[in-house]
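input-v1.txt follows (compact mmCIF, C-alpha atoms and all ligand atoms):
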```
# COMPACT_ATOMS: atom_id res chain seq x y z
CA MET P 1 134.69 52.07 121.51
CA GLU P 2 135.20 55.42 123.16
CA ARG P 3 134.31 57.20 119.94
CA ALA P 4 131.13 55.15 119.46
CA GLY P 5 130.06 55.98 123.02
CA ARG P 6 130.39 59.69 122.38
CA GLY P 7 128.38 59.34 119.25
CA GLU P 8 125.57 57.68 121.19
CA ARG P 9 125.60 60.44 123.75
CA GLU P 10 125.37 63.10 121.07
CA LYS P 11 122.35 61.34 119.63
CA GLY P 12 120.83 61.18 123.08
CA ARG P 13 121.28 64.91 123.53
CA LEU P 14 119.72 65.65 120.17
CA ALA P 15 116.77 63.40 120.93
CA GLY P 16 116.50 65.11 124.30
CA ARG P 17 116.33 68.53 122.68
CA ALA P 18 113.53 67.38 120.45
CA GLY P 19 111.63 65.32 122.99
CA GLY P 20 112.11 67.26 126.20
CA ALA P 21 111.28 64.60 128.80
CA ARG P 22 114.02 62.21 127.72
CA VAL P 23 116.73 64.69 128.64
CA SER P 24 116.46 64.19 132.38
CA GLY P 25 116.33 60.38 131.98
CA LYS P 26 119.59 60.39 130.11
CA ALA P 27 121.13 62.87 132.54
CA GLU P 28 120.20 60.77 135.59
CA GLY P 29 122.04 57.81 134.12
CA GLU P 30 125.19 59.91 134.02
CA GLY P 31 125.12 60.86 137.71
CA MET P 32 123.92 63.86 139.67
CA GLY P 33 126.69 66.33 138.93
CA SER P 34 126.88 66.12 135.19
CA GLY P 35 123.12 65.65 135.00
CA ARG P 36 122.43 69.03 136.55
CA VAL P 37 124.92 70.71 134.28
CA LEU P 38 123.35 69.08 131.24
CA THR P 39 119.85 70.06 132.32
CA LEU P 40 120.85 73.67 132.88
CA PHE P 41 122.67 73.76 129.58
CA LEU P 42 119.70 72.35 127.69
CA GLY P 43 117.35 74.62 129.59
CA ALA P 44 119.26 77.60 128.27
CA LEU P 45 118.91 76.26 124.75
CA PHE P 46 115.23 75.50 125.15
CA LEU P 47 113.97 78.89 126.23
CA PRO P 48 114.81 80.85 123.08
CA VAL P 49 113.64 77.99 120.87
CA LEU P 50 110.25 77.90 122.57
CA ALA P 51 109.99 81.69 122.50
CA ALA P 52 110.77 81.75 118.79
CA CYS P 53 108.14 79.14 117.97
CA GLY P 54 105.58 80.98 120.05
CA GLY P 55 104.18 77.75 121.42
CA GLU P 56 100.66 76.87 120.32
CA GLY P 57 98.51 79.09 118.11
CA GLY P 58 99.79 80.66 114.91
CA GLY P 59 98.10 80.58 111.55
CA SER P 60 97.97 76.84 111.17
CA GLU P 61 98.93 74.66 114.13
CA SER P 62 102.27 76.00 115.32
CA GLY P 63 103.77 76.77 111.92
CA PRO P 64 104.40 80.23 110.51
CA VAL P 65 101.51 82.27 109.10
CA ASN P 66 101.32 82.06 105.31
CA VAL P 67 101.25 85.60 103.99
CA VAL P 68 101.27 87.09 100.51
CA ALA P 69 102.36 90.64 99.75
CA THR P 70 101.39 92.01 96.36
CA TYR P 71 104.63 93.94 95.68
CA SER P 72 108.22 93.97 96.88
CA ILE P 73 108.18 97.21 98.89
CA LEU P 74 105.16 96.02 100.85
CA GLY P 75 106.79 92.60 101.23
CA ASP P 76 109.77 94.21 102.93
CA LEU P 77 107.52 96.06 105.40
CA VAL P 78 105.67 92.80 106.15
CA GLU P 79 108.92 90.92 106.66
CA ASN P 80 110.16 93.52 109.14
CA VAL P 81 107.04 93.06 111.25
CA GLY P 82 106.46 89.33 110.75
CA GLY P 83 110.03 88.11 111.00
CA GLU P 84 110.33 84.36 111.46
CA ASN P 85 106.65 84.00 112.37
CA VAL P 86 105.55 84.49 108.78
CA GLU P 87 106.20 82.63 105.55
CA LEU P 88 106.16 85.41 102.95
CA THR P 89 105.47 85.22 99.23
CA THR P 90 105.71 88.37 97.12
CA LEU P 91 103.76 88.42 93.86
CA VAL P 92 105.48 91.29 92.00
CA GLY P 93 109.18 91.00 92.79
CA PRO P 94 112.18 93.35 92.59
CA ASN P 95 112.11 95.77 89.63
CA GLY P 96 108.66 94.41 88.72
CA ASP P 97 105.91 96.76 87.59
CA VAL P 98 102.63 96.36 89.49
CA HIS P 99 100.73 98.52 86.97
CA THR P 100 101.40 96.13 84.10
CA PHE P 101 101.65 92.86 86.05
CA GLU P 102 99.93 89.82 84.59
CA PRO P 103 99.39 87.07 87.17
CA ALA P 104 100.69 83.58 86.35
CA PRO P 105 98.78 80.37 87.20
CA SER P 106 101.18 79.81 90.11
CA ASP P 107 99.93 83.04 91.70
CA ASN P 108 96.51 81.39 92.11
CA ALA P 109 98.12 78.70 94.21
CA GLU P 110 99.95 81.25 96.35
CA LEU P 111 96.70 83.04 97.15
CA ALA P 112 94.86 79.77 97.76
CA GLU P 113 97.40 78.75 100.42
CA ALA P 114 97.61 82.14 102.10
CA ASP P 115 96.21 83.04 105.52
CA VAL P 116 96.59 86.79 104.94
CA ILE P 117 97.03 88.80 101.74
CA PHE P 118 98.63 92.23 102.13
CA GLU P 119 97.72 94.72 99.44
CA ASN P 120 98.40 98.42 98.87
CA GLY P 121 94.91 99.31 97.66
CA LEU P 122 94.05 102.77 96.23
CA GLY P 123 93.72 101.21 92.78
CA PHE P 124 97.33 100.03 92.62
CA GLU P 125 96.70 96.30 92.11
CA THR P 126 94.02 96.43 89.42
CA TRP P 127 94.41 92.68 88.81
CA LEU P 128 94.00 91.49 92.41
CA ASP P 129 90.21 91.17 92.72
CA ASP P 130 90.02 88.81 89.73
CA LEU P 131 93.03 86.82 90.89
CA TYR P 132 91.58 86.47 94.39
CA GLU P 133 88.27 85.27 93.03
CA SER P 134 89.74 82.76 90.60
CA SER P 135 92.10 81.38 93.24
CA GLY P 136 89.21 80.44 95.57
CA SER P 137 91.31 81.85 98.39
CA GLU P 138 89.72 82.36 101.78
CA ALA P 139 92.58 84.48 103.05
CA GLU P 140 91.97 87.68 104.96
CA ARG P 141 92.74 90.70 102.76
CA ALA P 142 94.60 93.44 104.59
CA ARG P 143 94.67 96.78 102.78
CA VAL P 144 97.54 98.64 104.41
CA THR P 145 96.69 102.18 103.26
CA ASP P 146 93.28 102.38 104.96
CA ASP P 147 94.60 104.82 107.57
CA VAL P 148 96.79 106.81 105.19
CA GLU P 149 95.81 110.37 104.34
CA THR P 150 95.51 110.06 100.57
CA ARG P 151 96.27 112.55 97.81
CA PRO P 152 94.83 113.02 94.35
CA ILE P 153 97.13 112.04 91.51
CA ALA P 154 99.97 114.55 91.25
CA GLY P 155 100.07 116.76 88.19
CA GLU P 156 96.53 115.86 87.34
CA GLU P 157 95.44 119.46 87.33
CA HIS P 158 97.68 120.17 84.34
CA ALA P 159 97.07 116.90 82.53
CA HIS P 160 96.84 117.69 78.84
CA GLU P 161 93.40 117.85 77.31
CA GLU P 162 94.50 116.25 74.08
CA GLU P 163 95.70 113.20 75.96
CA ALA P 164 92.32 111.51 75.67
CA GLY P 165 92.80 111.25 71.91
CA HIS P 166 96.27 109.74 72.01
CA GLU P 167 97.08 106.08 71.96
CA GLY P 168 96.71 104.62 75.42
CA GLY P 169 94.28 107.38 76.34
CA GLU P 170 91.84 104.84 77.75
CA HIS P 171 94.23 104.47 80.68
CA ALA P 172 94.27 108.19 81.41
CA HIS P 173 93.11 108.85 84.92
CA GLU P 174 90.00 110.74 85.74
CA ARG P 175 89.92 113.85 87.82
CA GLY P 176 89.80 113.11 91.52
CA GLU P 177 91.45 109.70 91.28
CA VAL P 178 93.54 108.77 94.30
CA ASP P 179 97.30 108.43 94.00
CA PRO P 180 98.33 104.92 95.09
CA HIS P 181 102.07 105.61 95.64
CA ALA P 182 101.69 106.36 99.35
CA TRP P 183 104.96 104.71 100.46
CA HIS P 184 107.16 107.54 99.15
CA ASP P 185 106.18 109.61 102.21
CA VAL P 186 108.00 107.74 104.97
CA ARG P 187 105.31 108.72 107.49
CA ASN P 188 102.86 106.70 105.40
CA ALA P 189 105.16 103.68 105.63
CA VAL P 190 104.85 104.05 109.41
CA VAL P 191 101.05 103.94 109.09
CA MET P 192 101.27 100.92 106.78
CA VAL P 193 103.49 99.11 109.29
CA GLY P 194 100.84 99.74 111.96
CA SER P 195 98.21 98.10 109.73
CA ILE P 196 100.50 95.14 109.09
CA ARG P 197 101.10 94.69 112.83
CA ASP P 198 97.36 94.74 113.53
CA ALA P 199 96.51 92.29 110.74
CA LEU P 200 99.21 89.83 111.78
CA SER P 201 98.20 90.04 115.43
CA GLU P 202 94.62 89.27 114.49
CA ALA P 203 95.62 86.32 112.31
CA ASP P 204 98.13 84.99 114.85
CA PRO P 205 97.28 86.25 118.36
CA ALA P 206 99.84 83.94 119.98
CA ASN P 207 102.62 86.04 118.48
CA ALA P 208 101.03 89.46 118.93
CA ALA P 209 103.74 90.54 121.36
CA ALA P 210 106.45 89.74 118.81
CA TYR P 211 104.63 91.70 116.09
CA GLU P 212 104.24 94.63 118.47
CA ARG P 213 107.94 94.54 119.34
CA ASN P 214 109.11 94.18 115.73
CA ALA P 215 106.81 96.96 114.52
CA GLY P 216 107.96 99.27 117.31
CA ARG P 217 111.60 98.74 116.46
CA TYR P 218 111.02 99.18 112.74
CA ILE P 219 108.89 102.31 113.21
CA SER P 220 111.76 103.89 115.18
CA GLU P 221 114.02 103.15 112.24
CA LEU P 222 111.50 104.69 109.83
CA GLU P 223 111.13 107.82 111.94
CA GLU P 224 114.86 108.27 111.85
CA LEU P 225 114.76 107.75 108.08
CA ASP P 226 112.08 110.41 107.67
CA ALA P 227 114.19 112.91 109.62
CA ASP P 228 117.31 112.02 107.59
CA VAL P 229 115.45 112.49 104.30
CA GLN P 230 114.18 115.87 105.44
CA GLU P 231 117.67 116.92 106.45
CA GLN P 232 119.21 115.83 103.15
CA VAL P 233 116.46 117.49 101.14
CA ASP P 234 117.00 120.73 103.05
CA SER P 235 120.44 120.97 101.46
CA ILE P 236 118.87 121.14 97.98
CA PRO P 237 117.92 124.74 97.11
CA GLY P 238 114.13 125.13 96.90
CA GLU P 239 114.14 126.13 93.23
CA ASP P 240 116.05 122.95 92.32
CA ARG P 241 113.54 120.62 93.96
CA VAL P 242 111.83 119.59 90.75
CA LEU P 243 111.45 115.95 89.77
CA PHE P 244 110.85 114.97 86.17
CA THR P 245 110.15 111.22 86.09
CA SER P 246 108.52 108.77 83.70
CA HIS P 247 105.29 108.38 85.65
CA ASP P 248 103.49 110.10 88.52
CA THR P 249 104.98 108.16 91.39
CA PHE P 250 106.43 110.89 93.63
CA GLY P 251 103.32 112.88 94.58
CA TYR P 252 103.44 111.86 98.26
CA PHE P 253 107.21 112.36 98.35
CA ALA P 254 106.83 115.84 96.86
CA GLY P 255 104.08 116.74 99.31
CA ARG P 256 106.10 115.66 102.31
CA TYR P 257 109.57 116.89 101.37
CA GLY P 258 108.81 120.04 99.38
CA PHE P 259 109.29 119.08 95.73
CA GLU P 260 107.48 119.85 92.54
CA VAL P 261 106.83 116.89 90.27
CA ASP P 262 106.37 116.60 86.55
CA THR P 263 106.23 113.53 84.37
CA ALA P 264 106.86 112.45 80.83
CA LEU P 265 103.62 110.54 80.54
CA ALA P 266 101.27 112.55 82.76
CA SER P 267 99.89 109.39 84.29
CA ALA P 268 99.88 107.64 87.62
CA SER P 269 100.47 104.38 85.83
CA THR P 270 103.33 103.17 83.67
CA GLU P 271 100.90 101.55 81.27
CA THR P 272 100.15 104.56 79.07
CA GLY P 273 102.01 104.55 75.78
CA ASP P 274 104.98 106.68 74.86
CA PRO P 275 104.31 110.42 74.79
CA SER P 276 103.34 111.93 71.46
CA ALA P 277 105.73 114.28 69.64
CA GLY P 278 103.64 117.20 70.88
CA GLU P 279 103.81 116.06 74.48
CA THR P 280 107.54 115.50 74.23
CA ALA P 281 108.03 119.01 72.86
CA ASP P 282 105.93 120.47 75.70
CA LEU P 283 107.90 118.52 78.24
CA VAL P 284 111.28 119.56 76.82
CA GLU P 285 110.12 123.15 77.04
CA GLU P 286 109.00 122.69 80.65
CA ILE P 287 112.34 121.11 81.57
CA GLU P 288 114.25 123.98 79.96
CA GLU P 289 112.06 126.56 81.71
CA SER P 290 112.47 124.87 85.09
CA GLY P 291 116.24 125.17 84.91
CA VAL P 292 116.77 121.65 86.34
CA THR P 293 120.03 119.96 85.48
CA ALA P 294 118.72 116.39 85.55
CA ILE P 295 115.65 114.24 85.03
CA PHE P 296 115.09 110.72 86.34
CA GLY P 297 114.38 107.26 85.03
CA GLU P 298 112.79 104.58 87.22
CA ASN P 299 113.73 101.00 87.94
CA VAL P 300 110.28 99.85 86.75
CA SER P 301 110.31 101.74 83.44
CA ASP P 302 112.05 101.42 80.10
CA PRO P 303 114.78 104.09 80.14
CA GLY P 304 114.42 104.79 76.41
CA VAL P 305 111.75 107.49 76.60
CA MET P 306 113.56 109.47 79.28
CA GLU P 307 116.89 109.12 77.48
CA GLY P 308 115.38 110.74 74.41
CA ILE P 309 113.80 113.55 76.40
CA ALA P 310 117.01 114.21 78.36
CA ALA P 311 119.02 114.42 75.14
CA GLU P 312 116.53 116.81 73.59
CA ALA P 313 116.35 119.04 76.65
CA ARG P 314 120.15 118.86 77.08
CA VAL P 315 119.98 117.74 80.71
CA GLU P 316 121.50 114.77 82.45
CA LEU P 317 119.50 111.54 82.80
CA ALA P 318 120.27 110.68 86.44
CA PRO P 319 120.62 107.05 87.55
CA PRO P 320 117.17 105.43 87.81
CA LEU P 321 115.28 105.85 91.07
CA TYR P 322 113.57 102.96 92.84
CA THR P 323 109.93 103.88 92.57
CA ASP P 324 107.25 101.15 92.55
CA ALA P 325 109.54 98.22 93.40
CA LEU P 326 112.68 97.39 95.32
CA GLY P 327 115.90 96.51 93.54
CA ASP P 328 117.41 93.05 93.45
CA PRO P 329 118.89 91.60 96.65
CA GLY P 330 122.35 93.13 97.15
CA SER P 331 121.50 96.26 95.13
CA GLU P 332 121.34 99.73 96.67
CA GLY P 333 117.55 99.48 96.74
CA ALA P 334 117.22 96.01 98.24
CA THR P 335 115.05 97.17 101.16
CA TYR P 336 112.59 100.00 101.68
CA VAL P 337 114.98 101.91 103.91
CA GLU P 338 117.85 101.47 101.45
CA MET P 339 115.71 102.48 98.49
CA VAL P 340 114.58 105.71 100.14
CA ARG P 341 118.15 106.60 101.16
CA TYR P 342 119.43 105.81 97.67
CA ASN P 343 116.69 107.85 95.99
CA VAL P 344 117.32 110.94 98.07
CA SER P 345 121.10 110.75 97.63
CA THR P 346 120.66 110.33 93.90
CA MET P 347 118.27 113.28 93.72
CA SER P 348 120.46 115.58 95.75
CA GLU P 349 123.56 114.72 93.74
CA ALA P 350 121.81 115.19 90.42
CA LEU P 351 119.89 118.34 91.29
CA ARG P 352 122.60 120.34 93.07
CA GLN P 353 125.00 120.51 90.15
ZN ZN P 401 103.32 103.66 89.77
```

Starting from the coordinates I provided, produce the structure as structure tokens.
Ligand SMILES: [Zn+2]
Amino acid sequence: MERAGRGEREKGRLAGRAGGARVSGKAEGEGMGSGRVLTLFLGALFLPVLAACGGEGGGSESGPVNVVATYSILGDLVENVGGENVELTTLVGPNGDVHTFEPAPSDNAELAEADVIFENGLGFETWLDDLYESSGSEAERARVTDDVETRPIAGEEHAHEEEAGHEGGEHAHERGEVDPHAWHDVRNAVVMVGSIRDALSEADPANAAAYERNAGRYISELEELDADVQEQVDSIPGEDRVLFTSHDTFGYFAGRYGFEVDTALASASTETGDPSAGETADLVEEIEESGVTAIFGENVSDPGVMEGIAAEARVELAPPLYTDALGDPGSEGATYVEMVRYNVSTMSEALRQ
């Protein structure tokens, strides 16, 4: 009997939390004293719940805004700004390669249901225009690099002439093409976060204050990251700051933090074929001349090519860097901040030997 009564009361409280008005009715029945305590208690619970939901507004009714991010690094930036007010879908997940991505039919549905689609732009997602069209999506497209100061593709000026004739040459980039890998300069991530904040606030004005607050907090974290990277890089002697990687992904990083970059494939994309014997020989010579002790694989590339080149040049193949994608959840590159910290630690360990 006593137990059943308590069960009823619990149900009443739960109903009260959901329905609001019924709380005071129930409390009155229990007498003034306990009623006031109950009301105060529930009031304390209610405030944060209401604040979190943001009341009316939002993308659709009061639910979260449906957003799509094209790749995992961008998805992490969006999540840091959107928090619980967005429902995020990422098209190219951890360790996935945006350059060679082939959309699945389910990606059409994701775009069709989206309120906002976040994209890198600068020619990174070559497949997105077609996917957007075929999905019939009416989502707002937010290109997050619009305010970024762009760079031409790194290493382009010494791209090999004979490359045009080699298999995969149709993917070779033309002079003057913009480098899409803006996120490797942490200051650009700050700019991208500003664009994300603005796009979310426009799509969901009711939660603009939350987006502003989240972005502000995250930008502080990124500014600290940028300073930490600079400090760690400063401990690497200038002549050792040379990055040999499998594709031209670190141009912005090199520009910001004082590195030289060179690549096995002389391309901004991972989609060119393996280097020819001639290119490999040139590269081995360049590595030997540079005096570096290590070259780098990438989490989005097959390690085979770089393993061969490292063996031939008699240098270490360092652990792969996180370049165009995050690592799996729980890995050392699970978030943007973690991936940048991991990359720089890996570089400084490999290059200072
Ligand atoms: Zn890339």

All residues 9 Å or closer to Thr89 of chain P, only C-alpha atoms, same chain fewer than 6 positions away omitted, as a PyMOL selection string: chain P and resi 66-70+75+110+114

How close does chain P get to ligand ZN 401 (chain P)? List, as CSV, each residue of chain P within 9 Å, its nearest atom pair and the distance in Å to one decimal, counting all atoms listed in the file.
```
residue,atom,partner,partner_atom,distance
P:Asp97,CA,P:ZN401,ZN,7.7
P:Val98,CA,P:ZN401,ZN,7.3
P:His99,CA,P:ZN401,ZN,6.4
P:Phe124,CA,P:ZN401,ZN,7.6
P:Asp179,CA,P:ZN401,ZN,8.8
P:Pro180,CA,P:ZN401,ZN,7.4
P:His181,CA,P:ZN401,ZN,6.3
P:His247,CA,P:ZN401,ZN,6.6
P:Asp248,CA,P:ZN401,ZN,6.6
P:Thr249,CA,P:ZN401,ZN,5.1
P:Phe250,CA,P:ZN401,ZN,8.8
P:Ser267,CA,P:ZN401,ZN,8.6
P:Ala268,CA,P:ZN401,ZN,5.7
P:Ser269,CA,P:ZN401,ZN,4.9
P:Thr270,CA,P:ZN401,ZN,6.1
P:Val300,CA,P:ZN401,ZN,8.5
P:Thr323,CA,P:ZN401,ZN,7.2
P:Asp324,CA,P:ZN401,ZN,5.4
```

Residue with smallest distance to Ala325 of chain P - pool P:Val344, P:Val261, P:Ile73, P:Ala209, counting only C-alpha atoms: P:Ile73

Minimum-distance residue to Phe296 of chain P, chosen among P:Glu79, P:Glu231, P:Glu349, P:Glu202 (using all atoms listed in the file): P:Glu349

Near-Arg241 of chain P list (9 Å; only C-alpha atoms; drop same-chain fewer than 4 positions) as a ChimeraX atom specification: /P:233,236-237,254,258-261,292,347-348,351

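Closest approach to Val86 of chain P among P:Tyr211, P:Trp127, P:Trp183, P:Phe101 is made by P:Tyr211 (distances from all atoms listed in the file).
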
Nearest candidate to Ala227 of chain P (options P:Val186, P:Val337, P:Ile287, P:Ala210; using all atoms listed in the file):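 Of all the options, P:Val186 lies closest to Ala227 of chain P.
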
Find the spatial neighbours of segment 307-316 of chain P, counting all atoms listed in the file, within a cut-off of 6 Å - ignore same-chain residues fewer than 4 positions away - and output them as a short mmCIF file (atom, residue, chain, number, x, y, z; two decimals) with C-alpha atoms, keeping the file's coordinate frame.
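Output (part.cif):
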```
data_model
loop_
_atom_site.label_atom_id
_atom_site.label_comp_id
_atom_site.auth_asym_id
_atom_site.auth_seq_id
_atom_site.Cartn_x
_atom_site.Cartn_y
_atom_site.Cartn_z
CA VAL P 284 111.28 119.56 76.82
CA THR P 293 120.03 119.96 85.48
CA ALA P 294 118.72 116.39 85.55
#
```

Atom CA of Glu140 of chain P to atom CA of Val78 of chain P, distance in Å rounded to a single decimal: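 Going from atom CA of Glu140 of chain P over to atom CA of Val78 of chain P, I get 14.7 Å.
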
Atom CA of Gly333 of chain P to atom CA of Leu88 of chain P, distance in Å rounded to a single decimal: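 Interatomic distance, atom CA of Gly333 of chain P to atom CA of Leu88 of chain P: 19.1 Å.
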
Residues within 12 Å of Pro329 of chain P, all atoms listed in the file, excluding chain neighbours under 6 positions, as a list in words: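 So the residues in contact are Ser72, Asp76, Gly93, Pro94, Asn95, Thr335, Tyr336, Glu338 and Met339 of chain P.
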
Generate a file of the selected residues that holds C-alpha atoms, formatted as a PDB file, in the coordinates of the input.
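Contents of part_13.pdb, freshly written:
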```pdb
ATOM      1  CA  SER P  72     108.220  93.970  96.880  1.00  0.00           C
ATOM      2  CA  ASP P  76     109.770  94.210 102.930  1.00  0.00           C
ATOM      3  CA  GLY P  93     109.180  91.000  92.790  1.00  0.00           C
ATOM      4  CA  PRO P  94     112.180  93.350  92.590  1.00  0.00           C
ATOM      5  CA  ASN P  95     112.110  95.770  89.630  1.00  0.00           C
ATOM      6  CA  THR P 335     115.050  97.170 101.160  1.00  0.00           C
ATOM      7  CA  TYR P 336     112.590 100.000 101.680  1.00  0.00           C
ATOM      8  CA  GLU P 338     117.850 101.470 101.450  1.00  0.00           C
ATOM      9  CA  MET P 339     115.710 102.480  98.490  1.00  0.00           C
TER      10      MET P 339
END
```

Point-to-point distance in Å for atom CA of Ala189 of chain P and atom CA of Ile219 of chain P: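 Separation between atom CA of Ile219 of chain P and atom CA of Ala189 of chain P: 8.6 Å.
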
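You can rank P:Thr145, P:Thr100, P:Ser106, P:Thr90 by their closest distance to Glu125 of chain P using all atoms listed in the file, and at the top of that list sits P:Thr100.
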
Nearest candidate to Ser235 of chain P (options P:Val92, P:Arg352, P:Ile117, P:Val191; using all atoms listed in the file):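 Closest to Ser235 of chain P of all the choices is P:Arg352.
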
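With only the atoms specified (all atoms listed in the file) counting, those residues at most 9 Å away from (112.0, 107.1, 85.5) are Phe244, Thr245, Ser246, His247, Thr263, Ala264, Ile295, Phe296, Gly297, Glu298, Asn299, Val300, Ser301, Asp302, Pro303, Val305, Met306, Pro319, Pro320, Leu321, Tyr322 and Thr323 of chain P.
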
Requested file, segment 236-257 of chain P restricted to C-alpha atoms, as an mmCIF file, in the first residue's frame:
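Printed below is part.cif as written:
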```cif
data_model
loop_
_atom_site.group_PDB
_atom_site.id
_atom_site.type_symbol
_atom_site.label_atom_id
_atom_site.label_comp_id
_atom_site.auth_asym_id
_atom_site.auth_seq_id
_atom_site.Cartn_x
_atom_site.Cartn_y
_atom_site.Cartn_z
ATOM 1 C CA ILE P 236 62.442 21.993 -34.532
ATOM 2 C CA PRO P 237 65.550 23.466 -36.208
ATOM 3 C CA GLY P 238 64.592 25.456 -39.320
ATOM 4 C CA GLU P 239 66.546 23.225 -41.704
ATOM 5 C CA ASP P 240 64.670 20.151 -40.436
ATOM 6 C CA ARG P 241 61.232 21.604 -41.102
ATOM 7 C CA VAL P 242 60.637 19.701 -44.309
ATOM 8 C CA LEU P 243 57.549 17.555 -44.813
ATOM 9 C CA PHE P 244 57.509 14.806 -47.413
ATOM 10 C CA THR P 245 53.954 13.439 -47.585
ATOM 11 C CA SER P 246 51.889 11.447 -50.067
ATOM 12 C CA HIS P 247 49.812 14.369 -51.313
ATOM 13 C CA ASP P 248 49.870 18.161 -51.117
ATOM 14 C CA THR P 249 47.852 18.612 -47.966
ATOM 15 C CA PHE P 250 50.146 20.710 -45.749
ATOM 16 C CA GLY P 251 50.514 23.909 -47.785
ATOM 17 C CA TYR P 252 48.589 26.067 -45.291
ATOM 18 C CA PHE P 253 50.359 24.393 -42.375
ATOM 19 C CA ALA P 254 53.743 25.064 -43.972
ATOM 20 C CA GLY P 255 52.848 28.674 -44.683
ATOM 21 C CA ARG P 256 51.744 29.326 -41.133
ATOM 22 C CA TYR P 257 54.356 27.390 -39.165
#
```
